[in-house]
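This is data_32.cif. It holds mmCIF, C-alpha atoms.
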data_final
loop_
_atom_site.label_atom_id
_atom_site.label_comp_id
_atom_site.auth_asym_id
_atom_site.auth_seq_id
_atom_site.Cartn_x
_atom_site.Cartn_y
_atom_site.Cartn_z
CA ILE W 1 -13.70 -43.79 24.44
CA ASP W 2 -16.32 -41.21 23.60
CA PHE W 3 -14.86 -39.75 20.42
CA ASN W 4 -17.61 -37.11 20.17
CA LEU W 5 -16.70 -35.85 23.63
CA LEU W 6 -13.00 -35.89 22.75
CA GLU W 7 -13.65 -33.94 19.58
CA SER W 8 -15.71 -31.39 21.51
CA VAL W 9 -12.94 -30.96 24.07
CA GLN W 10 -10.35 -30.48 21.33
CA SER W 11 -12.58 -27.95 19.58
CA PHE W 12 -13.14 -26.03 22.82
CA ALA W 13 -9.42 -26.09 23.63
CA GLY W 14 -8.55 -24.78 20.15
CA THR W 15 -11.11 -21.98 20.41
CA ALA W 16 -9.95 -21.05 23.92
CA LEU W 17 -6.30 -20.99 22.83
CA PHE W 18 -7.13 -18.81 19.83
CA ILE W 19 -9.03 -16.32 22.03
CA VAL W 20 -6.27 -16.25 24.67
CA VAL W 21 -3.59 -15.56 22.02
CA ALA W 22 -5.72 -12.78 20.45
CA LEU W 23 -6.37 -11.13 23.83
CA LEU W 24 -2.68 -11.41 24.76
CA VAL W 25 -1.65 -9.69 21.53
CA LEU W 26 -4.17 -6.87 22.13
CA PHE W 27 -2.93 -6.46 25.71
CA LEU W 28 0.71 -6.27 24.60
CA VAL W 29 -0.17 -3.68 21.94
CA PHE W 30 -2.01 -1.59 24.54
CA LEU W 31 0.87 -1.95 27.01
CA ALA W 32 3.41 -0.88 24.40
CA TYR W 33 1.30 2.15 23.41
CA ALA W 34 0.85 3.19 27.05
CA ALA W 35 4.59 2.87 27.73
CA ALA W 36 5.39 4.91 24.62
CA THR W 37 2.92 7.61 25.66
CA VAL W 38 4.47 7.93 29.12
CA GLY W 39 7.93 8.09 27.53
CA VAL W 40 6.87 10.92 25.21
CA ILE W 41 5.36 12.88 28.13
CA LEU W 42 8.59 12.61 30.13
CA LYS W 43 10.77 13.42 27.13
CA TYR W 44 8.84 16.44 25.83
CA ALA W 45 7.44 17.98 29.01
CA ASN W 46 8.20 21.71 29.47
CA PHE W 47 8.79 22.01 25.72
CA THR W 48 9.89 25.45 24.49
CA LEU W 49 10.97 26.70 21.04
CA HIS W 50 12.83 29.93 20.29
CA LYS W 51 14.41 31.42 17.18
CA ARG W 52 17.67 33.30 17.60
CA GLY W 53 19.19 34.62 14.43
CA GLY W 54 19.58 31.70 12.04
CA GLU W 55 19.17 29.07 14.73
CA LEU W 56 16.26 27.25 16.35
CA ILE W 57 16.67 26.51 20.04
CA ILE W 58 14.55 23.73 21.55
CA ARG W 59 14.44 22.93 25.26
CA ARG W 60 12.52 19.96 26.63
CA GLY W 61 12.40 17.27 29.29
CA LEU W 62 10.89 16.67 32.71
CA LEU W 63 13.38 14.45 34.53
CA GLU W 64 16.30 15.61 32.40
CA ARG W 65 16.33 19.00 30.65
CA ARG W 66 17.88 18.97 27.21
CA GLN W 67 18.65 21.73 24.73
CA LEU W 68 19.04 21.36 20.96
CA THR W 69 20.41 24.11 18.72
CA ILE W 70 19.58 23.65 15.05
CA PRO W 71 21.04 25.89 12.33
CA SER W 72 18.35 26.73 9.75
CA GLU W 73 20.65 25.81 6.86
CA LYS W 74 20.88 22.25 8.21
CA ILE W 75 17.14 21.61 7.86
CA GLN W 76 16.51 19.14 5.02
CA SER W 77 12.76 18.51 5.15
CA LEU W 78 9.61 18.67 7.24
CA ARG W 79 7.37 15.79 8.23
CA VAL W 80 3.82 16.07 9.57
CA VAL W 81 2.60 12.94 11.37
CA GLU W 82 -1.06 12.23 12.16
CA ASN W 83 -1.52 9.39 14.60
CA ILE W 84 -4.64 7.34 13.83
CA ILE W 85 -6.00 8.15 17.31
CA ARG W 86 -5.28 11.88 17.14
CA GLN W 87 -6.26 12.33 13.48
CA PRO W 88 -10.04 12.53 14.13
CA PHE W 89 -9.33 15.43 16.50
CA GLY W 90 -7.28 17.30 13.89
CA LEU W 91 -4.03 17.01 15.88
CA VAL W 92 -0.60 16.52 14.32
CA THR W 93 3.07 16.33 15.26
CA VAL W 94 5.60 18.28 13.18
CA TYR W 95 9.17 17.02 12.79
CA LEU W 96 12.33 18.58 11.39
CA GLU W 97 14.75 16.34 9.54
CA THR W 98 18.22 17.82 9.63
CA ALA W 99 21.75 17.19 8.43
CA SER W 100 22.98 17.60 12.03
CA GLY W 101 24.10 14.77 14.27
CA SER W 102 25.46 11.38 13.27
CA VAL W 103 24.37 7.77 13.09
CA ALA W 104 25.23 7.50 16.78
CA GLU W 105 23.08 10.57 17.50
CA GLU W 106 20.04 9.75 15.40
CA GLY W 107 17.80 11.83 17.70
CA ASN W 108 19.55 14.98 16.47
CA ALA W 109 18.67 14.19 12.85
CA LYS W 110 14.92 13.95 13.46
CA VAL W 111 13.70 16.62 15.81
CA MET W 112 10.16 17.18 17.05
CA LEU W 113 9.38 20.80 16.20
CA PHE W 114 5.83 20.85 17.58
CA PRO W 115 4.80 17.85 19.73
CA LEU W 116 1.05 18.37 19.38
CA VAL W 117 -0.74 21.13 17.47
CA LYS W 118 -3.94 21.63 15.52
CA LYS W 119 -3.43 20.72 11.87
CA THR W 120 -5.07 23.99 10.82
CA GLU W 121 -2.52 25.94 12.87
CA ALA W 122 0.60 23.98 11.88
CA GLU W 123 1.54 26.08 8.83
CA HIS W 124 1.13 29.35 10.74
CA LEU W 125 3.29 28.13 13.61
CA VAL W 126 6.00 26.76 11.31
CA SER W 127 6.07 30.01 9.30
CA LYS W 128 7.08 31.87 12.48
CA VAL W 129 10.36 29.95 12.71
CA LEU W 130 10.89 28.70 9.14
CA SER W 131 10.19 30.15 5.71
CA GLY W 132 9.58 28.55 2.35
CA TYR W 133 7.44 25.56 3.35
CA VAL W 134 3.84 25.29 2.21
CA PHE W 135 1.44 22.91 3.96
CA GLU W 136 -0.74 21.62 1.13
CA SER W 137 -4.31 20.82 2.16
CA ASP W 138 -5.35 19.75 -1.33
CA LEU W 139 -2.84 17.08 -2.28
CA GLN W 140 -3.68 15.27 -5.49
CA SER W 141 -5.15 11.83 -4.83
CA LEU W 142 -4.45 8.62 -6.70
CA PRO W 143 -6.95 7.48 -9.34
CA LYS W 144 -9.82 5.26 -8.15
CA LYS W 145 -8.65 2.41 -10.39
CA THR W 146 -5.63 1.88 -8.09
CA VAL W 147 -7.74 1.10 -5.01
CA ILE W 148 -7.84 -2.61 -5.88
CA ARG W 149 -4.03 -2.71 -5.96
CA TYR W 150 -3.82 -1.41 -2.40
CA VAL W 151 -6.47 -3.88 -1.26
CA LEU W 152 -4.73 -6.84 -2.93
CA ARG W 153 -1.44 -6.00 -1.21
CA GLN W 154 -3.16 -6.24 2.17
CA TRP W 155 -4.96 -9.43 1.22
CA LEU W 156 -1.63 -11.14 0.48
CA TRP W 157 -0.49 -11.09 4.12
CA ALA W 158 -4.06 -11.72 5.31
CA PHE W 159 -4.22 -14.97 3.32
CA VAL W 160 -0.97 -16.15 4.93
CA ILE W 161 -2.31 -15.53 8.45
CA ILE W 162 -5.68 -17.09 7.60
CA GLY W 163 -4.03 -20.21 6.19
CA LEU W 164 -1.77 -20.67 9.22
CA SER W 165 -4.64 -20.01 11.66
CA ILE W 166 -6.91 -22.57 10.01
CA TYR W 167 -4.12 -25.14 9.82
CA PHE W 168 -3.02 -24.86 13.48
CA PHE W 169 -6.19 -23.71 15.26
CA ARG W 170 -9.04 -25.42 13.41
CA PRO W 171 -11.95 -24.83 13.83
CA ALA W 172 -11.36 -21.61 15.79
CA GLY W 173 -8.89 -20.57 13.12
CA TYR W 174 -11.78 -19.93 10.75
CA TYR W 175 -12.42 -16.73 12.69
CA ALA W 176 -9.29 -15.44 10.99
CA LEU W 177 -11.40 -15.10 7.83
CA LEU W 178 -12.58 -11.85 9.40
CA LEU W 179 -9.18 -10.50 8.38
CA LEU W 180 -10.36 -10.36 4.76
CA PRO W 181 -12.79 -7.45 5.18
CA VAL W 182 -10.53 -5.83 7.80
CA SER W 183 -7.44 -5.97 5.61
CA GLY W 184 -9.47 -4.87 2.59
CA LEU W 185 -10.69 -1.83 4.52
CA TRP W 186 -7.13 -1.09 5.61
CA GLY W 187 -6.02 -1.18 1.97
CA TYR W 188 -8.72 1.36 1.14
CA ILE W 189 -7.53 3.57 4.03
CA LEU W 190 -3.96 3.38 2.73
CA HIS W 191 -5.16 4.43 -0.71
CA ARG W 192 -7.13 7.35 0.74
CA ALA W 193 -4.03 8.58 2.59
CA ALA W 194 -1.82 8.58 -0.53
CA GLY W 195 -1.35 11.91 -2.26
CA TRP W 196 1.20 14.22 -3.87
CA LYS W 197 1.73 17.83 -4.88
CA LEU W 198 4.38 19.63 -6.90
CA GLU W 199 4.23 23.31 -6.14
CA HIS W 200 6.99 25.73 -7.19
CA ASP W 201 10.10 24.71 -5.24
CA GLN W 202 8.48 22.01 -3.07
CA LEU W 203 7.53 18.37 -3.47
CA SER W 204 4.96 16.90 -1.07
CA PHE W 205 4.01 13.26 -0.53
CA SER W 206 1.46 11.82 1.87
CA TYR W 207 1.18 8.16 2.81
CA ARG W 208 0.37 5.98 5.80
CA LEU W 209 2.96 3.96 7.70
CA PHE W 210 1.55 1.54 10.25
CA LEU W 211 -1.04 3.56 12.20
CA SER W 212 0.14 7.07 11.29
CA LYS W 213 -0.32 9.25 8.24
CA HIS W 214 2.87 11.02 7.12
CA THR W 215 3.06 14.16 5.01
CA TYR W 216 6.59 14.73 3.75
CA LEU W 217 7.63 18.20 2.54
CA ALA W 218 10.94 18.68 0.74
CA ARG W 219 12.34 21.65 -1.12
CA LYS W 220 14.06 20.97 -4.43
CA GLY W 221 17.51 22.12 -3.31
CA ARG W 222 17.48 19.70 -0.38
CA ILE W 223 16.53 16.53 -2.28
CA GLN W 224 19.49 14.19 -2.61
CA SER W 225 17.93 11.70 -5.01
CA LEU W 226 14.62 10.92 -6.65
CA ASP W 227 13.88 7.44 -7.98
CA VAL W 228 11.08 6.32 -10.26
CA LYS W 229 10.50 2.57 -10.07
CA GLN W 230 8.14 0.34 -12.01
CA SER W 231 7.31 -3.30 -11.41
CA TYR W 232 6.08 -5.62 -14.15
CA PHE W 233 2.46 -5.25 -13.08
CA GLN W 234 2.79 -1.47 -12.67
CA LYS W 235 4.22 -1.21 -16.17
CA ARG W 236 1.19 -3.01 -17.60
CA ALA W 237 -1.10 -0.53 -15.84
CA GLY W 238 0.97 2.57 -16.65
CA LEU W 239 1.81 3.17 -12.98
CA THR W 240 5.01 3.87 -11.03
CA THR W 241 6.44 4.23 -7.53
CA VAL W 242 8.26 7.49 -6.77
CA GLU W 243 10.72 7.74 -3.88
CA CYS W 244 12.29 11.00 -2.72
CA VAL W 245 15.39 10.94 -0.48
CA THR W 246 17.01 13.68 1.59
CA LYS W 247 20.27 13.35 3.49
CA THR W 248 20.25 13.54 7.29
CA GLY W 249 22.95 13.26 9.92
CA ALA W 250 21.80 9.71 10.65
CA GLY W 251 21.78 8.58 7.01
CA THR W 252 18.84 9.32 4.75
CA SER W 253 15.13 9.96 5.04
CA GLY W 254 12.37 10.57 2.57
CA GLY W 255 8.87 9.98 1.28
CA PHE W 256 7.18 7.95 -1.42
CA ILE W 257 3.99 7.30 -3.31
CA LYS W 258 2.92 4.02 -4.89
CA ASP W 259 0.88 3.55 -8.08
CA LEU W 260 1.26 7.08 -9.41
CA GLU W 261 0.43 7.49 -13.09
CA ALA W 262 3.56 7.47 -15.26
CA GLU W 263 2.80 10.88 -16.77
CA TYR W 264 2.93 12.49 -13.33
CA SER W 265 6.08 10.68 -12.24
CA ASP W 266 7.74 11.90 -15.46
CA ARG W 267 6.69 15.44 -14.59
CA ILE W 268 8.18 15.12 -11.08
CA TYR W 269 11.41 13.66 -12.44
CA LYS W 270 11.82 16.43 -15.04
CA TRP W 271 11.22 19.04 -12.32
CA PHE W 272 13.92 17.46 -10.18
CA ARG W 273 16.44 17.24 -13.04
CA SER W 274 15.83 20.78 -14.32
#

What is this structure when it is put down as structure tokens?
Amino acid sequence: IDFNLLESVQSFAGTALFIVVALLVLFLVFLAYAAATVGVILKYANFTLHKRGGELIIRRGLLERRQLTIPSEKIQSLRVVENIIRQPFGLVTVYLETASGSVAEEGNAKVMLFPLVKKTEAEHLVSKVLSGYVFESDLQSLPKKTVIRYVLRQWLWAFVIIGLSIYFFRPAGYYALLLLPVSGLWGYILHRAAGWKLEHDQLSFSYRLFLSKHTYLARKGRIQSLDVKQSYFQKRAGLTTVECVTKTGAGTSGGFIKDLEAEYSDRIYKWFRS
């Protein structure tokens, strides 16, 4: 038996399997994104928005027309979402989070107010149908010293994947080491997206979930609870995690920021309690 040849075949088979799995994952991601895009087009085609008295009336749908009537007093918060693909073009989606609906009708609790608009025009458009919300363009960023914390969080899951890849797909699994710079960069991107602002009667948080950046806007009178948490390592660094929760018809929703300096979280908490 030619052991050198056998080893070469095993190495080639491992590399080929690793590449096939990676390509399959990419294809499934692309397929899921394409299917979601088609679903959004069908759901929100012929979108119209009108204000009548104290109500917002939304009509949408291509195959099936649907109308939603939302009383202004039921609106709990606003959410601006920037998809990672649309973000470079300055395009955002604006959502309303309301106290309407129920757990069985979750779609009525989170309503798309503007499916796709320029970020620079979002505040002007919202002000035509809602009052009291300010779209902050200068949210306060986290200190530079917290970047390493965001990077380390991403490296934790990267090390798990790298270890499993090397163990099961050696030597092709060593390509998984490329996850270290990729995950480190992603941690930096997460840190860059994090921000907050306390302005008069409104609390704003920005953060990134998966591939989208979220900016959460909540007025003081609509906030159900505000929690300030601190892990052991955060306590040593004088940092906290702040979570803001508003009640919706489908349960609760909210925003958060990780690794905020304790002095600022105290300021936010005192504002909420006052």

Quick one: which residues end up in the PyMOL selection byres ((chain W and resi 180) around 10) for this structure, as a list of chain:residue names?
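Matching residues under the PyMOL selection byres ((chain W and resi 180) around 10) are W:Val151, W:Gln154, W:Trp155, W:Leu156, W:Trp157, W:Ala158, W:Phe159, W:Ile162, W:Ala176, W:Leu177, W:Leu178, W:Leu179, W:Pro181, W:Val182, W:Ser183, W:Gly184, W:Leu185, W:Trp186.
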
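Between Gln67 of chain W and the candidates W:Lys213, W:Leu24, W:Lys247, W:Asn46, the tightest atom-to-atom separation, counting all atoms listed in the file, involves W:Asn46.
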
I'd like to know which of W:Val94, W:Val242, W:Leu56, W:Leu139 is closest to Glu73 of chain W, using all atoms listed in the file.
W:Leu56

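Take the candidates W:Ala36, W:Val111, W:Val20, W:Leu28 and check each one against Thr93 of chain W using only C-alpha atoms; the shortest distance goes to W:Val111.
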
Two-atom distance - atom CA of Lys110 of chain W, atom CA of Tyr95 of chain W (Å):
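It comes out at 6.6 Å.
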
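All residues of protein, DNA or RNA that reach within 10 Å of Val129 of chain W, judged by all atoms listed in the file and not counting those fewer than 6 positions away in the chain, are Leu49, His50, Lys51, Arg52, Gly54, Glu55, Leu56, Ser72 and Leu113 of chain W.
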
Output for the residues just chosen: C-alpha atoms as a PDB file, in the coordinates of the input:
ATOM      1  CA  LEU W  49      10.970  26.700  21.040  1.00  0.00           C
ATOM      2  CA  HIS W  50      12.830  29.930  20.290  1.00  0.00           C
ATOM      3  CA  LYS W  51      14.410  31.420  17.180  1.00  0.00           C
ATOM      4  CA  ARG W  52      17.670  33.300  17.600  1.00  0.00           C
ATOM      5  CA  GLY W  54      19.580  31.700  12.040  1.00  0.00           C
ATOM      6  CA  GLU W  55      19.170  29.070  14.730  1.00  0.00           C
ATOM      7  CA  LEU W  56      16.260  27.250  16.350  1.00  0.00           C
ATOM      8  CA  SER W  72      18.350  26.730   9.750  1.00  0.00           C
ATOM      9  CA  LEU W 113       9.380  20.800  16.200  1.00  0.00           C
TER      10      LEU W 113
END

Residues in the PyMOL selection byres ((chain W and resi 83) around 10), expressed as a list of chain:residue names
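For this structure, the PyMOL selection byres ((chain W and resi 83) around 10) captures W:Val80, W:Val81, W:Glu82, W:Ile84, W:Ile85, W:Arg86, W:Gln87, W:Pro88, W:Gly90, W:Leu91, W:Val92, W:Thr93, W:Arg208, W:Leu209, W:Phe210, W:Leu211, W:Ser212, W:Lys213, W:His214.
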
Kindly give the distance, in Å, that separates atom CA of Val245 of chain W and atom CA of Glu97 of chain W, rounded to a single decimal.
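Atom CA of Glu97 of chain W lies at a distance of 11.4 Å from atom CA of Val245 of chain W.
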
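Minimum distance to Leu226 of chain W across W:Phe27, W:Tyr269, W:Tyr174, W:Phe47 (counting only C-alpha atoms) occurs at W:Tyr269.
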
Given the point (7.5, 13.7, -14.5) in the file's coordinates, find the residues that have an atom at most 12 Å from it, counting all atoms listed in the file, and give them as a list in words.
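Taken together, the residues in range are Lys197, Leu198, Leu203, Leu226, Asp227, Val228, Thr240, Thr241, Val242, Leu260, Glu261, Ala262, Glu263, Tyr264, Ser265, Asp266, Arg267, Ile268, Tyr269, Lys270, Trp271, Phe272, Arg273 and Ser274 of chain W.
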
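If you measure from each of W:Ile166, W:Ala193, W:Ile75, W:Val40 to Leu142 of chain W using all atoms listed in the file, the closest one turns out to be W:Ala193.
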
Would you write out, as a ChimeraX atom specification, every residue that the PyMOL selection byres ((chain W and resi 257) around 7) captures in this file?
/W:194,205,207,241-243,256,258-260

Tell me which of W:Val160, W:Leu130, W:Val117, W:Leu42 sits closest to Ile70 of chain W, counting only C-alpha atoms.
W:Leu130

Starting from the incomplete input, reconstruct N, CA, C and O atoms of segment 188-214 of chain W and write that as an mmCIF file, in the frame of the given file.
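rebuild-v4.cif, written as the output of this step:
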data_model
loop_
_atom_site.group_PDB
_atom_site.id
_atom_site.type_symbol
_atom_site.label_atom_id
_atom_site.label_comp_id
_atom_site.auth_asym_id
_atom_site.auth_seq_id
_atom_site.Cartn_x
_atom_site.Cartn_y
_atom_site.Cartn_z
ATOM 1 N N TYR W 188 -7.988 0.174 1.594
ATOM 2 C CA TYR W 188 -8.720 1.360 1.140
ATOM 3 C C TYR W 188 -8.254 2.600 1.907
ATOM 4 O O TYR W 188 -8.078 3.682 1.311
ATOM 5 N N ILE W 189 -8.015 2.452 3.216
ATOM 6 C CA ILE W 189 -7.530 3.570 4.030
ATOM 7 C C ILE W 189 -6.149 4.019 3.569
ATOM 8 O O ILE W 189 -5.853 5.222 3.495
ATOM 9 N N LEU W 190 -5.288 3.052 3.244
ATOM 10 C CA LEU W 190 -3.960 3.380 2.730
ATOM 11 C C LEU W 190 -4.055 4.157 1.424
ATOM 12 O O LEU W 190 -3.304 5.115 1.190
ATOM 13 N N HIS W 191 -4.978 3.743 0.578
ATOM 14 C CA HIS W 191 -5.160 4.430 -0.710
ATOM 15 C C HIS W 191 -5.657 5.855 -0.483
ATOM 16 O O HIS W 191 -5.223 6.797 -1.157
ATOM 17 N N ARG W 192 -6.580 6.019 0.449
ATOM 18 C CA ARG W 192 -7.130 7.350 0.740
ATOM 19 C C ARG W 192 -6.052 8.297 1.276
ATOM 20 O O ARG W 192 -6.114 9.515 1.041
ATOM 21 N N ALA W 193 -5.072 7.741 1.992
ATOM 22 C CA ALA W 193 -4.030 8.580 2.590
ATOM 23 C C ALA W 193 -2.981 9.021 1.574
ATOM 24 O O ALA W 193 -2.265 9.995 1.793
ATOM 25 N N ALA W 194 -2.866 8.304 0.453
ATOM 26 C CA ALA W 194 -1.820 8.580 -0.530
ATOM 27 C C ALA W 194 -2.146 9.840 -1.336
ATOM 28 O O ALA W 194 -3.268 10.022 -1.803
ATOM 29 N N GLY W 195 -1.158 10.701 -1.475
ATOM 30 C CA GLY W 195 -1.350 11.910 -2.260
ATOM 31 C C GLY W 195 -0.011 12.561 -2.586
ATOM 32 O O GLY W 195 1.034 12.191 -2.037
ATOM 33 N N TRP W 196 -0.038 13.534 -3.478
ATOM 34 C CA TRP W 196 1.200 14.220 -3.870
ATOM 35 C C TRP W 196 0.876 15.625 -4.365
ATOM 36 O O TRP W 196 -0.256 15.932 -4.716
ATOM 37 N N LYS W 197 1.898 16.473 -4.367
ATOM 38 C CA LYS W 197 1.730 17.830 -4.880
ATOM 39 C C LYS W 197 3.086 18.377 -5.257
ATOM 40 O O LYS W 197 4.052 18.243 -4.506
ATOM 41 N N LEU W 198 3.171 18.975 -6.426
ATOM 42 C CA LEU W 198 4.380 19.630 -6.900
ATOM 43 C C LEU W 198 4.045 21.104 -7.054
ATOM 44 O O LEU W 198 3.268 21.481 -7.938
ATOM 45 N N GLU W 199 4.587 21.900 -6.174
ATOM 46 C CA GLU W 199 4.230 23.310 -6.140
ATOM 47 C C GLU W 199 5.496 24.153 -6.060
ATOM 48 O O GLU W 199 6.192 24.155 -5.036
ATOM 49 N N HIS W 200 5.837 24.850 -7.150
ATOM 50 C CA HIS W 200 6.990 25.730 -7.190
ATOM 51 C C HIS W 200 8.267 24.966 -6.807
ATOM 52 O O HIS W 200 8.718 24.113 -7.530
ATOM 53 N N ASP W 201 8.811 25.273 -5.632
ATOM 54 C CA ASP W 201 10.100 24.710 -5.240
ATOM 55 C C ASP W 201 9.944 23.556 -4.244
ATOM 56 O O ASP W 201 10.921 23.131 -3.630
ATOM 57 N N GLN W 202 8.735 23.013 -4.105
ATOM 58 C CA GLN W 202 8.480 22.010 -3.070
ATOM 59 C C GLN W 202 7.743 20.791 -3.605
ATOM 60 O O GLN W 202 6.797 20.921 -4.383
ATOM 61 N N LEU W 203 8.197 19.627 -3.158
ATOM 62 C CA LEU W 203 7.530 18.370 -3.470
ATOM 63 C C LEU W 203 6.923 17.812 -2.184
ATOM 64 O O LEU W 203 7.602 17.746 -1.154
ATOM 65 N N SER W 204 5.647 17.432 -2.251
ATOM 66 C CA SER W 204 4.960 16.900 -1.070
ATOM 67 C C SER W 204 4.395 15.525 -1.380
ATOM 68 O O SER W 204 3.808 15.320 -2.442
ATOM 69 N N PHE W 205 4.595 14.596 -0.452
ATOM 70 C CA PHE W 205 4.010 13.260 -0.530
ATOM 71 C C PHE W 205 3.249 12.987 0.763
ATOM 72 O O PHE W 205 3.689 13.378 1.848
ATOM 73 N N SER W 206 2.135 12.300 0.664
ATOM 74 C CA SER W 206 1.460 11.820 1.870
ATOM 75 C C SER W 206 1.224 10.318 1.713
ATOM 76 O O SER W 206 0.946 9.829 0.615
ATOM 77 N N TYR W 207 1.337 9.611 2.807
ATOM 78 C CA TYR W 207 1.180 8.160 2.810
ATOM 79 C C TYR W 207 1.003 7.719 4.259
ATOM 80 O O TYR W 207 1.239 8.493 5.203
ATOM 81 N N ARG W 208 0.576 6.488 4.453
ATOM 82 C CA ARG W 208 0.370 5.980 5.800
ATOM 83 C C ARG W 208 1.374 4.857 6.083
ATOM 84 O O ARG W 208 1.524 3.932 5.294
ATOM 85 N N LEU W 209 2.054 5.000 7.210
ATOM 86 C CA LEU W 209 2.960 3.960 7.700
ATOM 87 C C LEU W 209 2.408 3.442 9.014
ATOM 88 O O LEU W 209 2.217 4.215 9.958
ATOM 89 N N PHE W 210 2.141 2.148 9.056
ATOM 90 C CA PHE W 210 1.550 1.540 10.250
ATOM 91 C C PHE W 210 0.268 2.283 10.608
ATOM 92 O O PHE W 210 -0.664 2.319 9.823
ATOM 93 N N LEU W 211 0.203 2.930 11.773
ATOM 94 C CA LEU W 211 -1.040 3.560 12.200
ATOM 95 C C LEU W 211 -1.002 5.088 12.058
ATOM 96 O O LEU W 211 -1.905 5.767 12.538
ATOM 97 N N SER W 212 0.005 5.617 11.407
ATOM 98 C CA SER W 212 0.140 7.070 11.290
ATOM 99 C C SER W 212 0.223 7.517 9.840
ATOM 100 O O SER W 212 0.866 6.866 9.018
ATOM 101 N N LYS W 213 -0.417 8.642 9.560
ATOM 102 C CA LYS W 213 -0.320 9.250 8.240
ATOM 103 C C LYS W 213 0.834 10.247 8.247
ATOM 104 O O LYS W 213 0.948 11.090 9.136
ATOM 105 N N HIS W 214 1.715 10.143 7.243
ATOM 106 C CA HIS W 214 2.870 11.020 7.120
ATOM 107 C C HIS W 214 2.680 11.951 5.918
ATOM 108 O O HIS W 214 2.266 11.508 4.841
#
